[in-house]
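Notes follow the structure.
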Amino acid sequence: MWLLSDTDRTERWITFEVHDKAGNISTVEVYVHKDHSFDEETGVCAYCGYQAAVLIKCSNDNNEEEFVSGGGLDETMRKADENRFDRFYLKLYGNVEKMSGAGTYGSTSKKWTFDLNGYIISNPSSVDPNPVAALFYVAGDITFVGNGAMNADVMVDGGQLTIDGECSFQKLEHKCGTLTVNAGSFESLIISKLDVGWSYTRETALYGGHYGEVKIVDIEGLTCADLLARGYRFEGISYDDAKVTELKDATIVACDHADIGSDGICPDCGMEFFLSVEANGTTKLFETFESAIRYAEQNDGCTVKLLKDITVAGTSSMVSHYRLALTEGRILLTLQEKR
């Protein structure tokens with residue numbers, strides 16, 4: 001077999017003379033391409049037919065773009081030039097294994113997207129799945145999209161993890177940094193503290209997903225209800241009942257605020273509303289006077305209902321010389337003994 005070195009890979013035609021045992025001579029011409037040309041849907045090179053298991057599209061703000069490919073997760077990621085590029089879109093075209101040890105993924109100020117594309121990231125079969133060495137550490141800004149499965153426990157301990165796709169996860173643990181979940185399924189979501197001698201932040205926002213268990217470990221004052229994104233709830237569980245440190249078989253859904261109490265608080269998601277606006281047979285709830293009135297101004301003839309006492313700050317754009325300035329539309333304001 002005849003192979004080209006990297007220095008030989010310049011765009012050009014190469015001519016070979018082929019001699020057989022009978023003394024016949026034939027000529028073969030081969031065109032050398034410097035790089036692969038991948039179909040992003042299939043991961044196959046149009047020039048040579050090579051099938052990548054992992055393909056990373058690297059880009060930056062200078063409109064530069066480059067593809068790197070390989071047969072393994074970590075080996076392909078090491079090829080990506082993080083000095084030159086800022087955004088990396090990693091897509092799988094087959095099942096892959098992470099490194100046989102604790103792997104740290106992502107880096108500060110770089111954006112990585114992992115498209116599982118229906119495939120699986122797992123530990124090597126020789127790795128015990130329980131110890132720290134088997135973890136997939138999120139250290140940078142990483143987003144998971146598409147479907148597929150992460151068959152290695154994931155730890156967020158300083159990075160930023162967003163889950164957008166219908167991926168399935170085993171154990172996902174959040175110690176510090178930012179975790180945003182919009183979709184997906186999880187055998188276990190654990191929120192725990194980082195055992196260090198300095199202060200740190202941890203922000204969790206659950207907009208969706210199904211969880212075999214949600215568990216808070218040794219964090220005083222934090223409950224499962226505190227993990228909910230604003231306007232979202234645990235399906236079939238009131239906000240007060242979610243103020244516990246462990247829930248089983250839980251699903252996050254958008255709250256419809258169907259049963260607002262007399263105090264203006266939604267019992268399902270805990271949001272507090274001060275006003276409602278009825279327009280064209282539909283009622284919407286608002287947290288601020290200004291947002292309600294601005295909506296009402298665009299819906300002539302609507303009714304604004306004050307649900308509880310509210311203070312309009314003097315810095316509001318609606319206050320002019322200590323008076324409320326309602327500049328558009330016909331609005332019926334119902335105070336109901338509120339002020």
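Labeling convention for the structure tokens: chains A, B, ... as they appear, residues from 1 per chain, ligands from 1 in order of appearance.
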* Please run DSSP on the backbone and report, as an NGL selection string, all residues within region 192-226 of chain A that come out as strand (DSSP E). => :A and (192 or 202-206 or 210-217)
* Members of region 59-196 of chain A assigned alpha helix (DSSP H) by DSSP, as a list of chain:residue names ->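 Restricting region 59-196 of chain A to alpha helix (DSSP H) produces A:Leu73, A:Asp74, A:Glu75, A:Thr76, A:Met77, A:Arg78, A:Lys79.
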* Asked: Can you list, as a ChimeraX atom specification, every protein, DNA or RNA residue that comes within 12 Å of Ile120 (chain A) when you count only C-alpha atoms, leaving out same-chain residues fewer than 5 positions away?
  -> /A:53-54,72-73,91-98,114-115,146-152,167-170
* To do: Would you mind telling me which residue in A:Tyr50, A:Phe136, A:Phe67, A:Phe85 lies nearest to Met99 (chain A) when using only C-alpha atoms?
  =>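 Using only C-alpha atoms, the shortest distance to Met99 (chain A) belongs to A:Phe136.
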* Using only C-alpha atoms, find the one residue out of A:Ala242, A:Ile163, A:Leu285, A:Val28 that sits nearest to Asp256 (chain A). =>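 The shortest atom-to-atom distance to Asp256 (chain A) comes from A:Leu285.
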* To do: Considering only C-alpha atoms, return as a list in words whatever protein or nucleic-acid residues lie within 12 Å of Asn83 (chain A), sequence-local ones (same chain, fewer than 5 positions apart) excluded.
  =>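 Near Asn83 (chain A), the qualifying residues are Cys58, Ser59, Asn60, Arg78, Ser107, Thr108, Ser109 and Lys110 of chain A.
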For the selection just defined, write its residues with N, CA and C atoms to a file, as a CSV table (one decimal), in the first residue's frame.
chain,number,residue,atom,x,y,z
A,58,CYS,N,-15.7,23.3,13.3
A,58,CYS,CA,-15.1,24.4,14.1
A,58,CYS,C,-15.3,25.7,13.4
A,59,SER,N,-15.7,26.8,14.1
A,59,SER,CA,-16.0,28.1,13.5
A,59,SER,C,-15.6,29.2,14.5
A,60,ASN,N,-15.5,30.4,13.9
A,60,ASN,CA,-15.2,31.6,14.7
A,60,ASN,C,-15.9,32.8,14.1
A,78,ARG,N,-9.3,16.4,20.6
A,78,ARG,CA,-8.0,16.9,20.8
A,78,ARG,C,-7.5,17.5,19.5
A,107,SER,N,-14.2,24.0,27.7
A,107,SER,CA,-13.2,24.9,28.2
A,107,SER,C,-13.8,26.3,28.3
A,108,THR,N,-13.2,27.1,29.2
A,108,THR,CA,-13.7,28.5,29.4
A,108,THR,C,-13.7,29.3,28.2
A,109,SER,N,-14.8,30.0,27.9
A,109,SER,CA,-15.0,30.9,26.8
A,109,SER,C,-15.2,30.2,25.5
A,110,LYS,N,-15.3,28.9,25.4
A,110,LYS,CA,-15.5,28.2,24.2
A,110,LYS,C,-16.9,27.5,24.3
* **Residue contacts of Phe273 (chain A) (9 Å, only C-alpha atoms) excluding same-chain residues fewer than 6 positions away, as an NGL selection string** => :A and (260 or 263-266 or 285-288 or 307-308)
* To do: Using only C-alpha atoms, pick whichever of A:Ser192, A:Asn280, A:Thr113, A:Ser238 has the shortest atom-to-atom distance to Met77 (chain A).
  =>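 Residue with the minimum atom-to-atom distance to Met77 (chain A): A:Thr113.
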* Asked: Got a sec: who's within 10 Å of Thr178 (chain A), counting only C-alpha atoms, leaving out chain neighbours fewer than 5 positions off, as a list in words?
  -> Asp141, Val156, Asp157, Gly158, Gly159, Gln160, Leu161, Thr162, Thr201, Arg202, Glu203, Thr204 and Ala205 of chain A
* Minimum-distance residue to Gly118 (chain A), chosen among A:Ile219, A:Val145, A:Val304, A:Ile293 (using only C-alpha atoms) -> A:Val145
* So which residues touch Tyr105 (chain A) within 8 Å, counting only C-alpha atoms, skipping near sequence neighbours fewer than 4 positions away, as a list in words? -> Phe136, Tyr137, Val138, Ala139 and Gly140 of chain A
